[in-house]
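Asker: Quick one: structure below, then a few questions.
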There are 2 protein chains.
Amino acid sequence: MELQLQIKMNEKLFVRNPEQTELGRKIIQFSIHLIHENGFEAFTFKKLAEVIGSTEAGIYRYFENKHRLLIYLTAWYWSWLEFRVTFHLNNIFDPSVKLKKLIKLLAANVVDDDSTIYVNESILHQIIIAEGSKTYLTKHVSDDNKDRLFKPYKDLCSLIAGIIKEYNPDYTHPRSLASTIIEMAHLQVFFMHHLPSLTDFGDDKDEQVAV
Amino acid sequence: MELQLQIKMNEKLFVRNPEQTELGRKIIQFSIHLIHENGFEAFTFKKLAEVIGSTEAGIYRYFENKHRLLIYLTAWYWSWLEFRVTFHLNNIFDPSVKLKKLIKLLAANVVDDDSTIYVNESILHQIIIAEGSKTYLTKHVSDDNKDRLFKPYKDLCSLIAGIIKEYNPDYTHPRSLASTIIEMAHLQVFFMHHLPSLTDFGDDKDEQVAV
DNA sequence: AATAAATGATAGTATTACTATCTCATTTAA
DNA sequence: TTAAATGAGATAGTAATACTATCATTTATT
């Protein structure tokens with residue numbers, strides 16, 4: 001069975017839909033690699049253009065600026081993750097089993113998913129860890145939020161909060177706990193790799209974040 | 001009783017010690033205001049120079065670049081917070097009381113502390129919430145870490161991890177829990193103000209983050 | 001009073017983050 | 001089949017950013 005996974009993206013995230021043209025798909029594919037290699041700060045449209053054999057102006061036809069591109073990638077990732085979570089939790093009814101599976105999914109190393117050709121999910125996952133929070137840590141969060149740019153993130157958070165509520169209907173802070181779980185599943189991995197004294201998880205290839 | 005609180009800062013954080021000259025103290029004082037007003041991305045040494053009536057080159061004599069200045073401010077904040085925590089937990093021996101007091105200290109609104117004239121702790125606290133994680137979310141974290149630039153953060157984390165261990169010596173992840181508490185005490189406040197659906201805390205003037 | 005440190009003034013550079021315009025090839029639609 | 005629309009390359013230009021360098025002047029220290 002060969003399926004092609006297509007995620008419907010918010011139109012405000014781009015100027016022209018990158019999924020519909022060759023250049024657009026190259027922008028997605030290679031921006032992921034470039035951001036991962038040099039970090040978001042050092043990433044420029046000019047460098048990206050050189051890598052994909054196009055021009056700076058060409059990339060601006062697809063994305064308003066590099067921050068929007070980062071939000072696009074991040075939104076894509078959260079949508080993809082939500083689908084993954086929904087898929088894996090399907091037909092499981094015990095909330096405690098659900099929660100355990102969920103945390104495994106969030107904390108596990110992501111393997112590249114072949115059903116999306118130009119997105120390398122494994123690398124994208126690492127970008128989210130290192131750069132994800134920069135999408136909302138800006139002076140224009142509220143404007144971006146009004147444009148619903150963070151909806152995929154919020155949807156995932158809601159999904160998790162719902163499972164927490166199922167597990168314990170009396171728990172008073174399911175959404176805060178959900179966002180904490182998501183953020184920490186990522187941040188603890190970052191600490192493990194770069195600031196190990198801030199975590200108890202070892203930077204071991206085989207070791208997974210404990211559940 | 002009038003005390004002057006002086007925090008000994010790591011020499012690698014600056015080119016010339018800003019606490020020892022008038023211009024240096026102005027840099028600290030007004031960079032806090034500027035970063036808070038326009039965000040770290042929009043903050044430049046040129047704008048800062050204009051505000052304090054000096055020149056761009058003048059500020060470069062104190063800080064290598066704006067990122068180092070942000071790390072300086074952040075390091076200062078964590079040191080100040082560690083002192084505050086140590087002070088408030090002095091002579092308390094029940095670990096559960098300690099933990100509760102600690103979380104109150106981390107989550108409470110910070111009021112400006114008069115024992116430091118040129119640092120407005122209340123505003124600095126808001127900067128840490130919105131910009132703090134940008135200090136380590138870079139490609140050069142490991143180098144910065146080798147220069148011990150994050151020591152104040154790690155020290156605070158250790159202190160909290162120690163209290164957690166006192167409370168429950170069998171707990172296997174005290175450092176991860178400590179960093180989670182610190183990060184979330186800040187991030188949930190950010191969400192409360194800007195992305196309220198990611199939290200259960202309301203953006204109410206009187207309401208404090210629950211303990 | 002002599003000397004060193006701190007600051008101010010000015011200039012210059014490479015890079016970044018865009019915007020604009022014009023051409024040309026390819027699709028698509030009438 | 002031809003005209004129009006679309007996608008993309010090429011080139012140019014601008015304001016701002018992130019610095020570095022030099023030199024003169026003011027202020028502090030001995």
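Naming scheme: A, B, ... for chains in displayed order of the structure tokens; residues 1 onward per chain; ligands 1 onward as shown.
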Using only C-alpha atoms (C1' of nucleotides), determine which residues of chain C fall within 12 Å of chain A; present them as number ranges by chain.

Answerer: C: 15-21

Asker: Write out as a VMD selection string all residues of range 18-130 of chain A that DSSP puts in helix (DSSP H, G or I) for this structure's backbone.

Answerer: chain A and resid 18 to 20 22 to 38 45 to 51 56 to 60 66 to 89 95 to 107 121 to 130

Asker: Please superimpose chain A upon chain B, fitting all C-alpha atoms matched one to one in order, and report the result as a PDB file with C-alpha atoms, in the first residue's frame.

Answerer:
```
ATOM      1  CA  MET A   1      19.487  48.804  56.980  1.00  0.00           C
ATOM      2  CA  GLU A   2      20.664  49.715  53.509  1.00  0.00           C
ATOM      3  CA  LEU A   3      22.466  47.019  51.628  1.00  0.00           C
ATOM      4  CA  GLN A   4      23.918  46.973  48.162  1.00  0.00           C
ATOM      5  CA  LEU A   5      23.649  43.649  46.466  1.00  0.00           C
ATOM      6  CA  GLN A   6      26.566  42.889  44.169  1.00  0.00           C
ATOM      7  CA  ILE A   7      26.613  39.787  42.035  1.00  0.00           C
ATOM      8  CA  LYS A   8      29.971  38.516  40.884  1.00  0.00           C
ATOM      9  CA  MET A   9      29.720  37.872  37.157  1.00  0.00           C
ATOM     10  CA  ASN A  10      31.767  35.521  35.015  1.00  0.00           C
ATOM     11  CA  GLU A  11      34.464  37.568  33.253  1.00  0.00           C
ATOM     12  CA  LYS A  12      33.827  35.878  29.933  1.00  0.00           C
ATOM     13  CA  LEU A  13      30.412  37.484  29.773  1.00  0.00           C
ATOM     14  CA  PHE A  14      31.788  40.922  28.999  1.00  0.00           C
ATOM     15  CA  VAL A  15      34.727  42.687  27.397  1.00  0.00           C
ATOM     16  CA  ARG A  16      34.866  45.327  30.106  1.00  0.00           C
ATOM     17  CA  ASN A  17      32.986  45.015  33.387  1.00  0.00           C
ATOM     18  CA  PRO A  18      29.858  47.141  32.976  1.00  0.00           C
ATOM     19  CA  GLU A  19      29.291  47.464  36.715  1.00  0.00           C
ATOM     20  CA  GLN A  20      32.412  49.533  37.196  1.00  0.00           C
ATOM     21  CA  THR A  21      31.639  52.550  35.041  1.00  0.00           C
ATOM     22  CA  GLU A  22      28.805  54.942  34.500  1.00  0.00           C
ATOM     23  CA  LEU A  23      28.410  53.998  30.832  1.00  0.00           C
ATOM     24  CA  GLY A  24      28.498  50.310  31.693  1.00  0.00           C
ATOM     25  CA  ARG A  25      25.713  50.646  34.222  1.00  0.00           C
ATOM     26  CA  LYS A  26      23.673  52.668  31.741  1.00  0.00           C
ATOM     27  CA  ILE A  27      24.101  49.883  29.196  1.00  0.00           C
ATOM     28  CA  ILE A  28      22.656  47.373  31.658  1.00  0.00           C
ATOM     29  CA  GLN A  29      19.879  49.636  32.800  1.00  0.00           C
ATOM     30  CA  PHE A  30      18.651  50.742  29.384  1.00  0.00           C
ATOM     31  CA  SER A  31      19.234  47.519  27.488  1.00  0.00           C
ATOM     32  CA  ILE A  32      16.728  45.951  29.880  1.00  0.00           C
ATOM     33  CA  HIS A  33      14.150  48.547  28.924  1.00  0.00           C
ATOM     34  CA  LEU A  34      14.852  48.403  25.200  1.00  0.00           C
ATOM     35  CA  ILE A  35      14.804  44.621  24.956  1.00  0.00           C
ATOM     36  CA  HIS A  36      11.584  44.555  26.902  1.00  0.00           C
ATOM     37  CA  GLU A  37       9.938  47.175  24.701  1.00  0.00           C
ATOM     38  CA  ASN A  38      10.891  45.980  21.232  1.00  0.00           C
ATOM     39  CA  GLY A  39      12.025  42.415  21.753  1.00  0.00           C
ATOM     40  CA  PHE A  40      15.510  40.999  21.423  1.00  0.00           C
ATOM     41  CA  GLU A  41      15.434  40.668  17.626  1.00  0.00           C
ATOM     42  CA  ALA A  42      14.723  44.359  17.099  1.00  0.00           C
ATOM     43  CA  PHE A  43      17.239  45.410  19.738  1.00  0.00           C
ATOM     44  CA  THR A  44      20.501  46.860  18.355  1.00  0.00           C
ATOM     45  CA  PHE A  45      23.522  48.498  19.929  1.00  0.00           C
ATOM     46  CA  LYS A  46      22.914  51.507  17.730  1.00  0.00           C
ATOM     47  CA  LYS A  47      19.451  52.105  19.172  1.00  0.00           C
ATOM     48  CA  LEU A  48      20.780  51.548  22.673  1.00  0.00           C
ATOM     49  CA  ALA A  49      23.584  54.044  22.048  1.00  0.00           C
ATOM     50  CA  GLU A  50      21.088  56.673  20.938  1.00  0.00           C
ATOM     51  CA  VAL A  51      18.986  56.163  24.061  1.00  0.00           C
ATOM     52  CA  ILE A  52      21.890  56.518  26.451  1.00  0.00           C
ATOM     53  CA  GLY A  53      23.586  59.271  24.457  1.00  0.00           C
ATOM     54  CA  SER A  54      26.648  57.272  23.538  1.00  0.00           C
ATOM     55  CA  THR A  55      27.876  55.566  20.388  1.00  0.00           C
ATOM     56  CA  GLU A  56      27.641  52.077  18.953  1.00  0.00           C
ATOM     57  CA  ALA A  57      31.389  51.626  19.242  1.00  0.00           C
ATOM     58  CA  GLY A  58      31.179  52.613  22.874  1.00  0.00           C
ATOM     59  CA  ILE A  59      28.883  49.712  23.678  1.00  0.00           C
ATOM     60  CA  TYR A  60      31.073  47.242  21.849  1.00  0.00           C
ATOM     61  CA  ARG A  61      33.776  48.133  24.367  1.00  0.00           C
ATOM     62  CA  TYR A  62      31.606  46.440  27.003  1.00  0.00           C
ATOM     63  CA  PHE A  63      29.936  43.578  25.181  1.00  0.00           C
ATOM     64  CA  GLU A  64      31.130  41.504  22.261  1.00  0.00           C
ATOM     65  CA  ASN A  65      27.642  41.446  20.763  1.00  0.00           C
ATOM     66  CA  LYS A  66      24.013  41.631  21.750  1.00  0.00           C
ATOM     67  CA  HIS A  67      23.742  37.897  22.358  1.00  0.00           C
ATOM     68  CA  ARG A  68      26.458  38.086  24.999  1.00  0.00           C
ATOM     69  CA  LEU A  69      24.623  40.969  26.592  1.00  0.00           C
ATOM     70  CA  LEU A  70      21.471  38.847  26.745  1.00  0.00           C
ATOM     71  CA  ILE A  71      23.416  36.011  28.351  1.00  0.00           C
ATOM     72  CA  TYR A  72      24.854  38.520  30.815  1.00  0.00           C
ATOM     73  CA  LEU A  73      21.393  39.749  31.801  1.00  0.00           C
ATOM     74  CA  THR A  74      20.087  36.212  32.045  1.00  0.00           C
ATOM     75  CA  ALA A  75      23.015  35.016  34.127  1.00  0.00           C
ATOM     76  CA  TRP A  76      22.525  37.993  36.402  1.00  0.00           C
ATOM     77  CA  TYR A  77      18.861  37.102  36.800  1.00  0.00           C
ATOM     78  CA  TRP A  78      19.501  33.457  37.693  1.00  0.00           C
ATOM     79  CA  SER A  79      22.147  34.457  40.232  1.00  0.00           C
ATOM     80  CA  TRP A  80      19.786  36.963  41.757  1.00  0.00           C
ATOM     81  CA  LEU A  81      16.994  34.374  41.857  1.00  0.00           C
ATOM     82  CA  GLU A  82      19.238  31.784  43.433  1.00  0.00           C
ATOM     83  CA  PHE A  83      20.169  34.254  46.145  1.00  0.00           C
ATOM     84  CA  ARG A  84      16.505  35.061  46.694  1.00  0.00           C
ATOM     85  CA  VAL A  85      15.591  31.391  46.936  1.00  0.00           C
ATOM     86  CA  THR A  86      18.459  30.601  49.310  1.00  0.00           C
ATOM     87  CA  PHE A  87      17.534  33.587  51.441  1.00  0.00           C
ATOM     88  CA  HIS A  88      13.843  32.723  51.671  1.00  0.00           C
ATOM     89  CA  LEU A  89      14.405  29.045  52.354  1.00  0.00           C
ATOM     90  CA  ASN A  90      16.946  29.704  55.082  1.00  0.00           C
ATOM     91  CA  ASN A  91      16.049  27.998  58.368  1.00  0.00           C
ATOM     92  CA  ILE A  92      13.257  26.001  56.786  1.00  0.00           C
ATOM     93  CA  PHE A  93      13.894  22.301  57.189  1.00  0.00           C
ATOM     94  CA  ASP A  94      10.735  20.578  56.028  1.00  0.00           C
ATOM     95  CA  PRO A  95      11.397  19.733  52.332  1.00  0.00           C
ATOM     96  CA  SER A  96       7.722  19.891  51.465  1.00  0.00           C
ATOM     97  CA  VAL A  97       7.450  23.430  52.842  1.00  0.00           C
ATOM     98  CA  LYS A  98      10.673  24.276  51.022  1.00  0.00           C
ATOM     99  CA  LEU A  99       9.272  23.028  47.719  1.00  0.00           C
ATOM    100  CA  LYS A 100       6.068  24.979  48.093  1.00  0.00           C
ATOM    101  CA  LYS A 101       7.890  28.202  48.961  1.00  0.00           C
ATOM    102  CA  LEU A 102      10.254  27.639  46.082  1.00  0.00           C
ATOM    103  CA  ILE A 103       7.502  27.294  43.511  1.00  0.00           C
ATOM    104  CA  LYS A 104       5.815  30.399  44.872  1.00  0.00           C
ATOM    105  CA  LEU A 105       9.086  32.284  44.419  1.00  0.00           C
ATOM    106  CA  LEU A 106       9.514  31.070  40.858  1.00  0.00           C
ATOM    107  CA  ALA A 107       5.969  31.735  39.760  1.00  0.00           C
ATOM    108  CA  ALA A 108       5.249  34.966  41.563  1.00  0.00           C
ATOM    109  CA  ASN A 109       5.303  38.343  39.918  1.00  0.00           C
ATOM    110  CA  VAL A 110       8.676  39.856  40.543  1.00  0.00           C
ATOM    111  CA  VAL A 111       8.726  43.270  42.171  1.00  0.00           C
ATOM    112  CA  ASP A 112      11.638  45.619  41.545  1.00  0.00           C
ATOM    113  CA  ASP A 113      14.279  45.147  44.198  1.00  0.00           C
ATOM    114  CA  ASP A 114      15.712  48.445  45.437  1.00  0.00           C
ATOM    115  CA  SER A 115      18.994  46.947  46.568  1.00  0.00           C
ATOM    116  CA  THR A 116      20.147  47.033  42.933  1.00  0.00           C
ATOM    117  CA  ILE A 117      19.815  50.502  41.494  1.00  0.00           C
ATOM    118  CA  TYR A 118      20.331  50.026  37.787  1.00  0.00           C
ATOM    119  CA  VAL A 119      18.622  46.640  37.385  1.00  0.00           C
ATOM    120  CA  ASN A 120      14.836  46.595  37.264  1.00  0.00           C
ATOM    121  CA  GLU A 121      14.135  43.014  38.304  1.00  0.00           C
ATOM    122  CA  SER A 122      10.467  43.141  37.435  1.00  0.00           C
ATOM    123  CA  ILE A 123      11.184  43.998  33.801  1.00  0.00           C
ATOM    124  CA  LEU A 124      14.166  41.668  33.710  1.00  0.00           C
ATOM    125  CA  HIS A 125      11.859  38.858  34.806  1.00  0.00           C
ATOM    126  CA  GLN A 126       9.644  39.541  31.801  1.00  0.00           C
ATOM    127  CA  ILE A 127      12.677  39.484  29.529  1.00  0.00           C
ATOM    128  CA  ILE A 128      13.673  36.092  30.895  1.00  0.00           C
ATOM    129  CA  ILE A 129      10.176  34.797  30.182  1.00  0.00           C
ATOM    130  CA  ALA A 130      10.158  35.996  26.584  1.00  0.00           C
ATOM    131  CA  GLU A 131      13.824  35.800  25.609  1.00  0.00           C
ATOM    132  CA  GLY A 132      15.608  33.609  28.161  1.00  0.00           C
ATOM    133  CA  SER A 133      15.700  30.403  26.188  1.00  0.00           C
ATOM    134  CA  LYS A 134      17.294  32.204  23.240  1.00  0.00           C
ATOM    135  CA  THR A 135      20.493  32.329  25.283  1.00  0.00           C
ATOM    136  CA  TYR A 136      21.053  28.601  24.826  1.00  0.00           C
ATOM    137  CA  LEU A 137      19.044  27.809  21.686  1.00  0.00           C
ATOM    138  CA  THR A 138      22.026  28.482  19.420  1.00  0.00           C
ATOM    139  CA  LYS A 139      24.587  26.554  17.421  1.00  0.00           C
ATOM    140  CA  HIS A 140      27.287  27.646  19.856  1.00  0.00           C
ATOM    141  CA  VAL A 141      25.681  26.456  23.111  1.00  0.00           C
ATOM    142  CA  SER A 142      28.431  24.003  23.784  1.00  0.00           C
ATOM    143  CA  ASP A 143      31.172  26.603  23.393  1.00  0.00           C
ATOM    144  CA  ASP A 144      29.275  29.025  25.599  1.00  0.00           C
ATOM    145  CA  ASN A 145      28.740  26.234  28.075  1.00  0.00           C
ATOM    146  CA  LYS A 146      32.476  25.531  28.148  1.00  0.00           C
ATOM    147  CA  ASP A 147      32.993  29.176  29.054  1.00  0.00           C
ATOM    148  CA  ARG A 148      30.608  28.486  31.966  1.00  0.00           C
ATOM    149  CA  LEU A 149      28.189  31.161  30.814  1.00  0.00           C
ATOM    150  CA  PHE A 150      25.222  29.108  31.988  1.00  0.00           C
ATOM    151  CA  LYS A 151      26.598  28.323  35.422  1.00  0.00           C
ATOM    152  CA  PRO A 152      24.078  30.480  37.330  1.00  0.00           C
ATOM    153  CA  TYR A 153      21.217  28.652  35.635  1.00  0.00           C
ATOM    154  CA  LYS A 154      22.755  25.294  36.393  1.00  0.00           C
ATOM    155  CA  ASP A 155      23.415  26.278  39.998  1.00  0.00           C
ATOM    156  CA  LEU A 156      19.786  27.189  40.521  1.00  0.00           C
ATOM    157  CA  CYS A 157      18.785  23.929  38.909  1.00  0.00           C
ATOM    158  CA  SER A 158      21.100  22.006  41.256  1.00  0.00           C
ATOM    159  CA  LEU A 159      19.701  23.786  44.266  1.00  0.00           C
ATOM    160  CA  ILE A 160      16.164  22.805  43.295  1.00  0.00           C
ATOM    161  CA  ALA A 161      17.171  19.249  42.428  1.00  0.00           C
ATOM    162  CA  GLY A 162      18.705  18.990  45.894  1.00  0.00           C
ATOM    163  CA  ILE A 163      15.452  19.993  47.550  1.00  0.00           C
ATOM    164  CA  ILE A 164      13.578  17.471  45.415  1.00  0.00           C
ATOM    165  CA  LYS A 165      16.033  14.777  46.516  1.00  0.00           C
ATOM    166  CA  GLU A 166      15.503  15.745  50.149  1.00  0.00           C
ATOM    167  CA  TYR A 167      11.773  15.463  49.682  1.00  0.00           C
ATOM    168  CA  ASN A 168      12.045  12.055  48.051  1.00  0.00           C
ATOM    169  CA  PRO A 169      15.506  10.453  47.982  1.00  0.00           C
ATOM    170  CA  ASP A 170      14.234   7.687  45.704  1.00  0.00           C
ATOM    171  CA  TYR A 171      13.090  10.013  42.940  1.00  0.00           C
ATOM    172  CA  THR A 172      15.128   9.173  39.844  1.00  0.00           C
ATOM    173  CA  HIS A 173      14.924  12.422  37.832  1.00  0.00           C
ATOM    174  CA  PRO A 174      15.449  15.372  40.175  1.00  0.00           C
ATOM    175  CA  ARG A 175      17.454  17.475  37.732  1.00  0.00           C
ATOM    176  CA  SER A 176      14.975  17.025  34.882  1.00  0.00           C
ATOM    177  CA  LEU A 177      12.152  17.900  37.226  1.00  0.00           C
ATOM    178  CA  ALA A 178      14.065  20.948  38.455  1.00  0.00           C
ATOM    179  CA  SER A 179      14.708  22.294  34.953  1.00  0.00           C
ATOM    180  CA  THR A 180      11.087  21.530  34.057  1.00  0.00           C
ATOM    181  CA  ILE A 181       9.827  23.513  37.041  1.00  0.00           C
ATOM    182  CA  ILE A 182      12.023  26.509  36.188  1.00  0.00           C
ATOM    183  CA  GLU A 183      11.163  26.509  32.507  1.00  0.00           C
ATOM    184  CA  MET A 184       7.460  25.988  33.027  1.00  0.00           C
ATOM    185  CA  ALA A 185       7.178  28.603  35.748  1.00  0.00           C
ATOM    186  CA  HIS A 186       8.217  30.995  32.990  1.00  0.00           C
ATOM    187  CA  LEU A 187       6.608  29.479  29.908  1.00  0.00           C
ATOM    188  CA  GLN A 188       3.168  29.107  31.447  1.00  0.00           C
ATOM    189  CA  VAL A 189       3.214  32.828  32.206  1.00  0.00           C
ATOM    190  CA  PHE A 190       4.075  33.533  28.575  1.00  0.00           C
ATOM    191  CA  PHE A 191       1.269  31.275  27.368  1.00  0.00           C
ATOM    192  CA  MET A 192      -1.134  32.876  29.810  1.00  0.00           C
ATOM    193  CA  HIS A 193      -0.446  36.263  28.263  1.00  0.00           C
ATOM    194  CA  HIS A 194      -0.111  35.363  24.608  1.00  0.00           C
ATOM    195  CA  LEU A 195      -1.404  31.869  23.853  1.00  0.00           C
ATOM    196  CA  PRO A 196      -4.023  31.302  26.528  1.00  0.00           C
ATOM    197  CA  SER A 197      -5.389  28.079  25.102  1.00  0.00           C
ATOM    198  CA  LEU A 198      -2.081  26.391  25.956  1.00  0.00           C
ATOM    199  CA  THR A 199      -2.580  26.890  29.664  1.00  0.00           C
ATOM    200  CA  ASP A 200      -5.237  26.761  32.375  1.00  0.00           C
ATOM    201  CA  PHE A 201      -4.045  29.897  34.134  1.00  0.00           C
ATOM    202  CA  GLY A 202      -6.023  33.032  33.473  1.00  0.00           C
ATOM    203  CA  ASP A 203      -4.504  36.367  32.515  1.00  0.00           C
ATOM    204  CA  ASP A 204      -5.904  38.061  35.557  1.00  0.00           C
ATOM    205  CA  LYS A 205      -4.044  40.802  37.362  1.00  0.00           C
ATOM    206  CA  ASP A 206      -4.851  39.395  40.761  1.00  0.00           C
ATOM    207  CA  GLU A 207      -4.645  35.762  39.957  1.00  0.00           C
ATOM    208  CA  GLN A 208      -1.374  34.094  40.688  1.00  0.00           C
ATOM    209  CA  VAL A 209      -0.157  30.916  39.101  1.00  0.00           C
ATOM    210  CA  ALA A 210      -1.583  28.215  41.374  1.00  0.00           C
ATOM    211  CA  VAL A 211       0.766  26.301  43.621  1.00  0.00           C
TER     212      VAL A 211
END
```

Asker: Tell me, as a PyMOL selection string, which residues lie within 9 Å of range 3-7 of chain D, counting only C-alpha atoms (C1' of nucleotides); anything in the same chain fewer than 6 positions away does not count.

Answerer: (chain A and resi 21+23) or (chain C and resi 25-30)

Asker: Store the residues picked out above, limited to C-alpha atoms (C1' of nucleotides), as a tab-separated table (two decimals), in the first residue's frame.

Answerer:
```
chain	number	residue	atom	x	y	z
A	21	THR	CA	5.53	23.58	-7.51
A	23	LEU	CA	10.72	25.15	-6.56
C	25	DA	C1'	9.84	29.45	-21.02
C	26	DT	C1'	5.98	26.61	-20.16
C	27	DT	C1'	1.13	25.62	-19.20
C	28	DT	C1'	-3.64	26.34	-19.69
C	29	DA	C1'	-7.88	28.05	-21.50
C	30	DA	C1'	-10.62	30.31	-25.05
```

Asker: Enumerate as a short mmCIF file (atom, residue, chain, number, x, y, z; two decimals) with N, CA and C atoms (P, O5', C5', C4', C3', O3' and C1' of nucleotides), in the first residue's frame the residues belonging to chain D that approach chain A to within 10 Å, with only C-alpha atoms (C1' of nucleotides) taken into account.

Answerer:
```
data_model
loop_
_atom_site.label_atom_id
_atom_site.label_comp_id
_atom_site.auth_asym_id
_atom_site.auth_seq_id
_atom_site.Cartn_x
_atom_site.Cartn_y
_atom_site.Cartn_z
P DG D 7 2.03 29.60 -10.51
"O5'" DG D 7 3.49 29.38 -11.11
"C5'" DG D 7 3.75 28.24 -11.91
"C4'" DG D 7 5.22 28.20 -12.25
"C3'" DG D 7 6.15 28.49 -11.08
"O3'" DG D 7 7.17 27.52 -11.08
"C1'" DG D 7 6.59 29.99 -12.86
P DA D 8 8.27 27.47 -10.00
"O5'" DA D 8 9.43 28.32 -10.67
"C5'" DA D 8 10.02 27.82 -11.86
"C4'" DA D 8 11.00 28.84 -12.39
"C3'" DA D 8 12.02 29.34 -11.35
"O3'" DA D 8 13.31 29.18 -11.91
"C1'" DA D 8 11.10 31.12 -12.54
P DG D 9 14.59 29.20 -10.99
"O5'" DG D 9 15.55 30.10 -11.88
"C5'" DG D 9 15.68 29.80 -13.28
"C4'" DG D 9 16.22 31.02 -13.99
"C3'" DG D 9 17.41 31.68 -13.28
"O3'" DG D 9 18.45 31.86 -14.22
"C1'" DG D 9 15.71 33.29 -13.71
P DA D 10 19.88 32.40 -13.79
"O5'" DA D 10 19.75 33.96 -14.05
"C5'" DA D 10 19.27 34.44 -15.31
"C4'" DA D 10 19.44 35.95 -15.34
"C3'" DA D 10 20.59 36.47 -14.48
"O3'" DA D 10 21.39 37.33 -15.28
"C1'" DA D 10 18.57 37.57 -13.88
#
```

Asker: Can you work out the spacing between C1' of DA28 in chain D and C1' of DA1 in chain C in Å, to one decimal?

Answerer: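 Value for the C1' of DA28 in chain D-C1' of DA1 in chain C distance: 13.5 Å.
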
Asker: What's around DT27 in chain D at 10 Å? Count only C-alpha atoms (C1' of nucleotides), leave out sequence neighbours fewer than 3 positions away in its own chain, and write the answer as a list of chain:residue names.

Answerer: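 Non-adjacent residues within range: C:DA5, C:DA6, C:DT7.
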
Asker: Quick one: residues within 12 Å of DA14 in chain C, only C-alpha atoms (C1' of nucleotides) counted, chain neighbours fewer than 2 positions away excluded, as a VMD selection string?

Answerer: (chain C and resid 12 16) or (chain D and resid 17 to 20)
